[in-house]
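Next comes structure04.txt, a file with compact mmCIF, C-alpha atoms.
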```
# COMPACT_ATOMS: atom_id res chain seq x y z
CA MET A 1108 62.98 34.03 113.54
CA ALA A 1109 59.72 32.47 112.50
CA ASN A 1110 61.47 29.14 112.05
CA LEU A 1111 63.00 29.46 115.53
CA SER A 1112 59.63 30.16 117.15
CA SER A 1113 57.98 27.32 115.28
CA ALA A 1114 60.76 24.97 116.31
CA HIS A 1115 60.19 25.76 119.96
CA ALA A 1116 56.39 25.76 119.75
CA THR A 1117 54.75 23.15 121.98
CA PRO A 1118 52.22 20.82 120.41
CA PRO A 1119 48.63 21.09 121.68
CA LEU A 1120 47.79 18.83 124.61
CA THR A 1121 45.02 16.32 124.54
CA SER A 1122 42.34 16.35 127.25
CA ALA A 1123 43.97 13.52 129.21
CA GLN A 1124 47.41 15.16 128.96
CA ALA A 1125 46.04 18.47 130.15
CA HIS A 1126 44.50 16.90 133.23
CA ARG A 1127 47.63 14.84 133.87
CA ALA A 1128 49.78 17.97 133.67
CA GLU A 1129 47.48 19.64 136.15
CA ILE A 1130 48.19 17.05 138.83
CA MET A 1131 51.86 16.30 138.27
CA GLU A 1132 53.22 19.20 140.33
CA ASN A 1133 54.96 17.86 143.41
CA PRO A 1134 55.46 20.41 146.18
CA LEU A 1135 56.82 18.37 149.09
CA GLN A 1136 55.71 20.98 151.60
CA THR A 1137 52.06 20.52 150.66
CA TYR A 1138 52.37 16.74 150.92
CA LEU A 1139 53.97 16.90 154.37
CA LEU A 1140 51.40 19.46 155.50
CA GLY A 1141 48.61 17.02 154.71
CA ILE A 1142 50.34 14.26 156.71
CA ILE A 1143 50.91 16.53 159.73
CA ILE A 1144 47.32 17.78 159.69
CA SER A 1145 45.97 14.23 159.50
CA ILE A 1146 48.15 12.97 162.37
CA CYS A 1147 47.27 15.95 164.57
CA GLY A 1148 43.58 15.50 163.76
CA ASN A 1149 43.64 11.83 164.76
CA VAL A 1150 45.46 12.61 168.01
CA LEU A 1151 42.89 15.29 168.88
CA ILE A 1152 40.07 12.83 168.19
CA SER A 1153 41.63 10.29 170.56
CA ILE A 1154 42.03 12.92 173.28
CA SER A 1155 38.47 14.13 172.80
CA LEU A 1156 37.00 10.63 173.07
CA ASN A 1157 38.86 9.95 176.30
CA ILE A 1158 37.77 13.30 177.72
CA GLN A 1159 34.13 12.58 176.85
CA LYS A 1160 34.27 9.16 178.45
CA TYR A 1161 35.94 10.54 181.56
CA ALA A 1162 33.11 13.08 181.80
CA HIS A 1163 30.58 10.23 181.46
CA VAL A 1164 32.24 8.20 184.21
CA ARG A 1165 32.51 11.17 186.55
CA GLN A 1166 28.88 12.21 186.04
CA SER A 1167 27.66 8.63 186.56
CA GLN A 1168 29.63 8.35 189.78
CA ARG A 1169 28.20 11.57 191.09
CA GLY A 1170 24.74 10.64 189.87
CA SER A 1171 23.68 14.26 189.60
CA LYS A 1172 23.36 16.10 186.31
CA PRO A 1173 23.32 14.61 182.78
CA TYR A 1174 26.63 14.31 181.00
CA TYR A 1175 25.80 17.02 178.47
CA THR A 1176 25.74 19.61 181.24
CA SER A 1177 29.44 19.00 181.92
CA ALA A 1178 31.89 21.58 180.60
CA MET A 1179 34.49 18.83 180.23
CA TRP A 1180 32.19 16.82 177.94
CA TRP A 1181 31.65 19.85 175.71
CA CYS A 1182 35.38 20.44 175.65
CA GLY A 1183 35.75 16.92 174.27
CA VAL A 1184 33.08 17.61 171.66
CA VAL A 1185 34.90 20.75 170.52
CA LEU A 1186 38.20 18.88 170.29
CA MET A 1187 36.55 16.17 168.23
CA GLY A 1188 35.17 18.79 165.86
CA VAL A 1189 38.63 20.30 165.43
CA GLY A 1190 40.14 16.86 164.83
CA GLU A 1191 37.52 15.95 162.24
CA LEU A 1192 38.04 19.30 160.54
CA GLY A 1193 41.75 18.54 160.39
CA ASN A 1194 41.11 15.16 158.78
CA PHE A 1195 38.78 16.82 156.29
CA ALA A 1196 41.41 19.43 155.39
CA ALA A 1197 44.16 16.81 155.07
CA TYR A 1198 42.42 15.26 152.05
CA GLY A 1199 42.98 18.52 150.20
CA PHE A 1200 46.77 18.30 150.59
CA ALA A 1201 47.73 14.61 150.43
CA PRO A 1202 46.53 11.47 148.58
CA ALA A 1203 43.41 9.78 149.94
CA SER A 1204 45.21 6.43 149.86
CA LEU A 1205 47.61 7.83 152.49
CA ILE A 1206 45.26 9.83 154.72
CA ALA A 1207 42.89 6.91 155.36
CA PRO A 1208 45.52 4.44 156.72
CA LEU A 1209 46.82 7.16 159.04
CA GLY A 1210 43.68 6.52 161.08
CA CYS A 1211 45.74 3.97 163.02
CA VAL A 1212 47.36 6.95 164.74
CA SER A 1213 44.09 7.37 166.63
CA VAL A 1214 44.32 3.83 167.99
CA ILE A 1215 47.95 4.30 169.06
CA ALA A 1216 47.15 7.61 170.75
CA SER A 1217 44.17 6.08 172.57
CA ALA A 1218 46.35 3.26 173.91
CA VAL A 1219 48.97 5.72 175.16
CA ILE A 1220 46.37 7.98 176.78
CA SER A 1221 44.67 5.04 178.51
CA VAL A 1222 47.99 3.97 180.06
CA VAL A 1223 49.37 7.39 181.00
CA PHE A 1224 46.23 9.19 182.18
CA LEU A 1225 43.64 6.48 182.87
CA LYS A 1226 46.18 4.16 184.52
CA GLU A 1227 45.31 1.06 182.52
CA THR A 1228 47.57 -1.97 182.50
CA VAL A 1229 50.02 -2.27 179.63
CA ARG A 1230 49.70 -5.61 177.87
CA ALA A 1231 52.30 -7.29 175.73
CA SER A 1232 49.91 -7.17 172.76
CA ASP A 1233 49.63 -3.38 173.23
CA ILE A 1234 53.40 -2.97 172.93
CA VAL A 1235 53.69 -5.29 169.94
CA GLY A 1236 50.62 -3.79 168.26
CA GLY A 1237 51.82 -0.23 168.81
CA THR A 1238 55.24 -1.10 167.39
CA LEU A 1239 53.70 -2.69 164.30
CA ALA A 1240 51.31 0.22 163.79
CA ILE A 1241 54.10 2.80 164.09
CA THR A 1242 56.29 0.83 161.69
CA GLY A 1243 53.42 0.53 159.25
CA THR A 1244 52.74 4.27 159.48
CA TYR A 1245 56.39 5.00 158.68
CA LEU A 1246 56.25 2.75 155.61
CA LEU A 1247 53.00 4.36 154.50
CA VAL A 1248 54.42 7.88 154.69
CA THR A 1249 57.69 6.85 153.02
CA PHE A 1250 56.37 4.83 150.08
CA ALA A 1251 52.97 6.43 149.44
CA PRO A 1252 52.45 8.46 146.27
CA HIS A 1253 54.11 11.84 146.83
CA THR A 1254 52.14 13.73 144.23
CA SER A 1255 50.13 16.73 145.40
CA THR A 1256 46.96 16.87 143.34
CA HIS A 1257 45.32 20.19 142.59
CA ILE A 1258 41.66 19.25 142.82
CA THR A 1259 39.58 21.47 140.56
CA ALA A 1260 36.01 21.18 139.36
CA HIS A 1261 37.13 20.32 135.82
CA LEU A 1262 39.44 17.60 137.15
CA VAL A 1263 36.69 16.06 139.27
CA GLN A 1264 34.31 16.07 136.30
CA TYR A 1265 36.98 14.46 134.14
CA TYR A 1266 37.53 11.68 136.69
CA ALA A 1267 33.80 11.18 137.34
CA VAL A 1268 33.04 10.25 133.72
CA SER A 1269 36.08 8.05 133.18
CA TRP A 1270 35.22 4.51 132.16
CA HIS A 1271 37.17 2.80 134.96
CA PHE A 1272 35.34 4.80 137.65
CA LEU A 1273 31.96 4.17 136.05
CA LEU A 1274 32.74 0.44 135.97
CA TYR A 1275 33.90 0.58 139.60
CA LEU A 1276 30.73 2.43 140.62
CA PHE A 1277 28.53 -0.08 138.79
CA ILE A 1278 30.21 -3.04 140.52
CA GLU A 1279 30.00 -1.30 143.88
CA VAL A 1280 26.27 -0.59 143.50
CA ILE A 1281 25.58 -4.22 142.58
CA ILE A 1282 27.52 -5.53 145.56
CA PHE A 1283 25.87 -3.02 147.89
CA CYS A 1284 22.38 -4.05 146.74
CA ILE A 1285 23.17 -7.74 147.26
CA LEU A 1286 24.55 -7.12 150.75
CA LEU A 1287 21.61 -4.89 151.67
CA TYR A 1288 19.19 -7.58 150.48
CA LEU A 1289 20.94 -10.17 152.65
CA TYR A 1290 21.01 -7.84 155.62
CA LYS A 1291 17.44 -6.51 155.44
CA ARG A 1292 15.41 -9.23 153.72
CA ARG A 1293 17.29 -12.39 154.62
CA ASN A 1294 18.13 -11.11 158.10
CA VAL A 1295 21.79 -12.09 157.79
CA LYS A 1296 23.30 -10.26 160.78
CA HIS A 1297 26.93 -11.12 160.23
CA ILE A 1298 29.59 -8.61 161.14
CA VAL A 1299 31.30 -8.91 157.75
CA ILE A 1300 28.03 -8.04 155.97
CA VAL A 1301 27.53 -4.88 158.02
CA MET A 1302 31.16 -3.81 157.79
CA LEU A 1303 31.17 -4.29 154.01
CA LEU A 1304 28.14 -2.01 153.77
CA VAL A 1305 30.03 0.59 155.79
CA ALA A 1306 33.15 0.17 153.64
CA LEU A 1307 31.29 0.55 150.35
CA LEU A 1308 29.74 3.77 151.60
CA ALA A 1309 33.13 4.87 152.92
CA SER A 1310 34.66 4.68 149.44
CA LEU A 1311 32.14 7.25 148.21
CA THR A 1312 32.77 9.31 151.33
CA VAL A 1313 36.51 9.40 150.67
CA ILE A 1314 36.04 10.38 147.03
CA SER A 1315 33.56 13.15 147.84
CA VAL A 1316 35.46 14.43 150.89
CA LYS A 1317 38.69 14.79 148.92
CA ALA A 1318 36.81 16.48 146.07
CA VAL A 1319 35.04 18.98 148.35
CA SER A 1320 38.14 19.64 150.45
CA GLY A 1321 40.33 20.05 147.37
CA MET A 1322 37.94 22.46 145.66
CA ILE A 1323 37.61 24.53 148.84
CA THR A 1324 41.41 24.63 149.11
CA GLU A 1325 41.75 25.81 145.51
CA SER A 1326 39.05 28.43 146.12
CA ILE A 1327 40.97 29.76 149.13
CA LYS A 1328 44.10 29.97 146.96
CA GLY A 1329 42.22 32.22 144.55
CA GLN A 1330 40.77 29.83 141.95
CA LEU A 1331 37.06 29.85 142.76
CA GLN A 1332 35.55 26.36 142.40
CA LEU A 1333 32.30 26.82 144.31
CA ILE A 1334 30.46 28.12 141.26
CA TYR A 1335 30.51 24.72 139.52
CA PRO A 1336 27.62 22.26 140.00
CA ILE A 1337 30.02 19.34 140.57
CA PHE A 1338 31.02 20.88 143.92
CA TYR A 1339 27.46 20.66 145.24
CA VAL A 1340 26.98 17.20 143.77
CA MET A 1341 30.01 16.00 145.71
CA LEU A 1342 28.79 17.84 148.80
CA VAL A 1343 25.47 15.97 148.69
CA VAL A 1344 27.24 12.64 148.13
CA MET A 1345 29.53 13.37 151.09
CA VAL A 1346 26.68 14.18 153.49
CA ALA A 1347 24.46 11.28 152.37
CA SER A 1348 27.23 8.66 152.44
CA CYS A 1349 28.40 9.85 155.87
CA ALA A 1350 24.87 9.68 157.27
CA PHE A 1351 24.22 6.12 156.08
CA GLN A 1352 27.73 5.07 157.06
CA ILE A 1353 27.14 6.24 160.62
CA LYS A 1354 23.76 4.49 160.64
CA PHE A 1355 25.19 1.09 159.73
CA LEU A 1356 28.17 1.61 162.02
CA ASN A 1357 25.89 2.31 164.98
CA GLN A 1358 23.93 -0.83 164.21
CA ALA A 1359 27.16 -2.82 164.17
CA MET A 1360 28.16 -1.38 167.54
CA LYS A 1361 24.83 -2.47 169.00
CA MET A 1362 25.01 -6.03 167.64
CA PHE A 1363 28.73 -6.72 168.11
CA ASP A 1364 31.44 -5.80 170.56
CA ALA A 1365 33.84 -2.97 169.89
CA THR A 1366 36.82 -5.32 169.94
CA GLU A 1367 35.36 -6.98 166.84
CA VAL A 1368 34.15 -3.85 165.08
CA VAL A 1369 37.36 -1.79 165.44
CA PRO A 1370 39.88 -3.94 163.52
CA ILE A 1371 37.42 -5.11 160.87
CA ASN A 1372 36.16 -1.60 160.22
CA PHE A 1373 39.68 -0.20 160.04
CA VAL A 1374 40.78 -2.84 157.55
CA PHE A 1375 37.68 -2.50 155.35
CA PHE A 1376 37.62 1.30 155.49
CA THR A 1377 41.31 1.62 154.66
CA ALA A 1378 41.07 -0.89 151.81
CA SER A 1379 38.05 0.88 150.31
CA ALA A 1380 39.75 4.28 150.62
CA ILE A 1381 42.90 3.01 148.90
CA VAL A 1382 40.89 1.45 146.06
CA ALA A 1383 38.84 4.64 145.71
CA GLY A 1384 42.01 6.73 145.50
CA ILE A 1385 43.52 4.40 142.92
CA VAL A 1386 40.42 4.17 140.73
CA PHE A 1387 39.05 7.71 140.93
CA TYR A 1388 42.10 9.89 141.50
CA GLN A 1389 44.61 7.53 139.82
CA GLU A 1390 47.02 8.02 142.73
CA PHE A 1391 49.19 5.00 141.95
CA GLU A 1392 49.77 6.02 138.34
CA GLY A 1393 53.49 5.96 137.60
CA LEU A 1394 54.37 4.60 141.05
CA ALA A 1395 57.23 2.09 141.15
CA LEU A 1396 56.44 -1.53 141.92
CA LEU A 1397 58.67 -1.44 145.01
CA ASN A 1398 56.78 1.55 146.37
CA ILE A 1399 53.45 -0.20 145.83
CA PHE A 1400 54.66 -3.36 147.58
CA MET A 1401 56.11 -1.48 150.56
CA PHE A 1402 52.98 0.67 150.82
CA LEU A 1403 50.75 -2.40 150.97
CA PHE A 1404 53.15 -4.01 153.45
CA GLY A 1405 52.83 -0.90 155.63
CA CYS A 1406 49.04 -1.24 155.47
CA LEU A 1407 49.33 -4.88 156.55
CA LEU A 1408 51.50 -3.93 159.54
CA SER A 1409 49.00 -1.24 160.53
CA PHE A 1410 46.14 -3.75 160.28
CA LEU A 1411 47.97 -6.21 162.54
CA GLY A 1412 48.84 -3.47 165.00
CA VAL A 1413 45.25 -2.30 165.31
CA PHE A 1414 44.07 -5.89 165.72
CA LEU A 1415 46.54 -6.57 168.53
CA ILE A 1416 45.66 -3.36 170.36
CA ALA A 1417 41.91 -3.93 170.12
CA ARG A 1418 41.83 -7.69 170.81
CA ASN A 1419 40.74 -9.18 174.13
CA ARG A 1420 39.57 -5.87 175.53
CA PRO A 1421 36.89 -6.03 178.25
CA LYS A 1422 33.42 -5.85 176.81
CA ILE A 1423 31.07 -3.05 177.72
CA LYS A 1424 27.92 -4.56 179.14
CA GLN A 1425 24.97 -2.25 179.31
CA GLN A 1426 22.78 -2.72 182.35
CA ASP A 1427 19.10 -3.29 181.78
CA ARG A 1428 17.22 -0.12 182.64
CA ASN A 1429 14.36 -2.17 184.13
CA PHE A 1430 16.73 -3.95 186.51
CA ILE A 1431 16.70 -2.83 190.16
CA ALA A 1432 19.59 -3.81 192.38
CA MET A 1433 18.67 -5.99 195.35
CA ASP A 1434 20.09 -3.51 197.85
CA ARG A 1435 17.85 -0.75 196.44
CA ILE A 1436 14.47 -2.50 196.75
CA PRO A 1437 12.29 -0.34 199.06
CA GLY A 1438 11.53 -1.97 202.41
CA ARG A 1439 14.11 -4.74 201.99
CA ARG A 1440 16.49 -5.34 204.84
CA HIS A 1441 20.12 -5.39 203.83
CA THR A 1442 20.84 -8.74 205.39
CA ASP A 1443 21.81 -10.53 202.23
CA LYS A 1444 25.29 -10.18 200.92
CA VAL A 1445 25.31 -8.13 197.82
CA GLN A 1446 27.93 -8.87 195.26
CA PRO A 1447 30.15 -5.87 194.57
CA GLU A 1448 29.37 -4.13 191.34
CA ALA A 1449 31.79 -4.83 188.54
CA LYS A 1450 34.10 -1.96 187.78
CA THR A 1451 33.25 -0.21 184.56
CA PRO A 1452 36.11 -0.49 182.11
CA THR A 1453 37.75 2.79 181.28
CA TYR A 1454 37.21 4.26 177.90
CA GLY A 1455 40.82 4.39 176.88
CA SER A 1456 40.89 0.68 176.12
CA LEU A 1457 37.85 1.00 173.87
CA ALA A 1458 38.12 4.53 172.59
CA ALA A 1459 39.61 3.12 169.42
CA LYS A 1460 36.21 1.79 168.44
CA LEU A 1461 35.19 5.29 167.46
CA MET A 1462 38.13 6.08 165.22
CA CYS A 1463 36.23 4.48 162.31
CA ASN A 1464 36.08 6.81 159.45
CA ARG A 1465 37.78 9.24 159.13
CA ALA A 1466 34.79 10.99 157.66
CA GLY A 1467 32.12 9.72 160.16
CA GLN A 1468 33.16 9.01 163.71
CA THR A 1469 30.58 8.97 166.45
CA ASP A 1470 30.37 8.30 170.17
CA ASP A 1471 28.12 5.37 171.04
CA SER A 1472 27.10 7.10 174.22
```

Take the structure in the file and write it out as structure tokens.
Amino acid sequence: MANLSSAHATPPLTSAQAHRAEIMENPLQTYLLGIIISICGNVLISISLNIQKYAHVRQSQRGSKPYYTSAMWWCGVVLMGVGELGNFAAYGFAPASLIAPLGCVSVIASAVISVVFLKETVRASDIVGGTLAITGTYLLVTFAPHTSTHITAHLVQYYAVSWHFLLYLFIEVIIFCILLYLYKRRNVKHIVIVMLLVALLASLTVISVKAVSGMITESIKGQLQLIYPIFYVMLVVMVASCAFQIKFLNQAMKMFDATEVVPINFVFFTASAIVAGIVFYQEFEGLALLNIFMFLFGCLLSFLGVFLIARNRPKIKQQDRNFIAMDRIPGRRHTDKVQPEAKTPTYGSLAAKLMCNRAGQTDDS
């Protein structure tokens, strides 16, 4: 009997094997739940942005009360909060390398809303771009890593001190310092410089958001993770990286047009999120070469789709507040012909500019 029990005794696991065993469970329901939550969150964000812009346009036409006194505007704000909460929760159920590229759903939804509800003209590039983005999303969902990671405080600590993440963090800090020096000291105001700063911060945002969301999810399931210091470390990293990411993104929106910022930010953000998921959470470990190739091909299709949808959109030109229209000068006779005011472009065509980040979207208004 003793020999039988010793024969079936399992050898002790090493530290790496223990952590690997902790993440190798694969409940498909949890994986699909994360995808559904992320898609629904992105759709809600698109709807909320269009509602907020519609409230802005309506209030400006009436010229009465400020936009923040509109119930419709606040309804859009609430919907955006729900959508962002859904994106945050999705990181706790599915790989970060999958949730980040699903941000293209927001662009597709914005294009559909602008055509159906805001009566914008459908362009050929919109149809082609939407088709490519949908195809890319299908490939992403099909060939992405299907592992459902149980994010615990011990697992996050184990990943945080791994040599490959420390090397990645060191390289990222060096690159960030160089770019910040060029941007602040050398006054290099190139869109790639600013978007790279946003992307480098976004990689930390993705890592910290998934860690915080995963530990909260495990705590809700009954394994309390909020008592460990690593949870609050990740919480601080998440808030700080989001704040600076929004700061640089707002500066980019002021210096460049949304049609330039949207595709570049989506490409850089998605690439940084995928790299962060691979390096920190080791999400591609054990994944077949075909799956990796098709996943990257799906990302490429999504990038092209977003670019085609966002390209050649009308630019939003802000009127100088010190400018007074000729027909409004006191005491002036309205004898001169006044050129009709250009129609303000609807927000649906440019709502995609605010889908940036899944962890830090903001309305430029």

Exercise for the section: Might you pull out every residue within 8 Å of A:Asn1372, with all atoms listed in the file counted and same-chain residues fewer than 2 positions away left off, and present them as number ranges by chain? Expected result: A: 1302, 1305-1306, 1368-1370, 1374-1376, 1463

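Using all atoms listed in the file, the smallest distance between any of A:Leu1140, A:Met1401, A:Val1340, A:Leu1247 and A:Cys1211 comes from A:Leu1247.
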
Exercise for the section: Would you work out the distance separating atom CA of A:Ala1380 from atom CA of A:Met1322, expressed in Å to one decimal? Expected result: 18.9 Å

Handout entry: Nearest to A:Phe1224, chosen from A:Tyr1161, A:Phe1373, A:Tyr1335, A:Phe1410, with all atoms listed in the file counted in the distances
Key =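 Answer, going by the shortest atom-to-atom distance: A:Tyr1161.
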
Practice task
Quote the spacing between atom CA of A:Phe1387 and atom CA of A:Ile1337 in Å to one decimal place.
Solution key: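 Spanning atom CA of A:Phe1387 to atom CA of A:Ile1337 is a straight-line distance of 14.7 Å.
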
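Atom CA of A:Leu1156 is positioned 15.3 Å from atom CA of A:Leu1192.
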
For A:Ile1314, find every residue with an atom within 10 Å (counting all atoms listed in the file), except residues of its own chain fewer than 3 positions away, and show them as a tab-separated table (two decimals) with C-alpha atoms, in the frame of the given file.
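The resulting out.tsv:
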```
chain	number	residue	atom	x	y	z
A	1198	TYR	CA	42.42	15.26	152.05
A	1203	ALA	CA	43.41	9.78	149.94
A	1263	VAL	CA	36.69	16.06	139.27
A	1267	ALA	CA	33.80	11.18	137.34
A	1309	ALA	CA	33.13	4.87	152.92
A	1310	SER	CA	34.66	4.68	149.44
A	1311	LEU	CA	32.14	7.25	148.21
A	1317	LYS	CA	38.69	14.79	148.92
A	1318	ALA	CA	36.81	16.48	146.07
A	1319	VAL	CA	35.04	18.98	148.35
A	1341	MET	CA	30.01	16.00	145.71
A	1344	VAL	CA	27.24	12.64	148.13
A	1345	MET	CA	29.53	13.37	151.09
A	1380	ALA	CA	39.75	4.28	150.62
A	1383	ALA	CA	38.84	4.64	145.71
A	1384	GLY	CA	42.01	6.73	145.50
A	1386	VAL	CA	40.42	4.17	140.73
A	1387	PHE	CA	39.05	7.71	140.93
A	1388	TYR	CA	42.10	9.89	141.50
```

Exercise for the section: May I ask which of the residues A:Val1280, A:Leu1209, A:Val1295, A:Ala1365 is the closest one to A:Ile1416, counting only C-alpha atoms? Expected result: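 Distance minimum relative to A:Ile1416 lands on A:Ala1365.
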
Completion exercise
Counting only C-alpha atoms, the residue among A:Ile1285, A:Gly1236, A:Gly1183, A:Ser1326 that lies closest to A:Gly1199 is A:Ser1326

Practice task
Name the residues in contact with A:Tyr1138 at a cut-off of 8 Å, using only C-alpha atoms, excluding same-chain residues fewer than 2 positions from it; report them as a PyMOL selection string.
Solution key: chain A and resi 1134-1136+1140-1142+1200-1201+1253-1255

Problem - Distance query A:Gly1193 at most 9 Å, only C-alpha atoms, self and fewer than 6 positions along chain excluded, as a ChimeraX atom specification - result: /A:1144-1149

Handout entry: Contacts of A:Ile1399 at 12 Å (all atoms listed in the file; same-chain gap of 3+ positions) as a VMD selection string
Key = chain A and resid 1204 to 1205 1246 to 1247 1249 to 1252 1381 1385 1390 to 1396 1402 to 1406
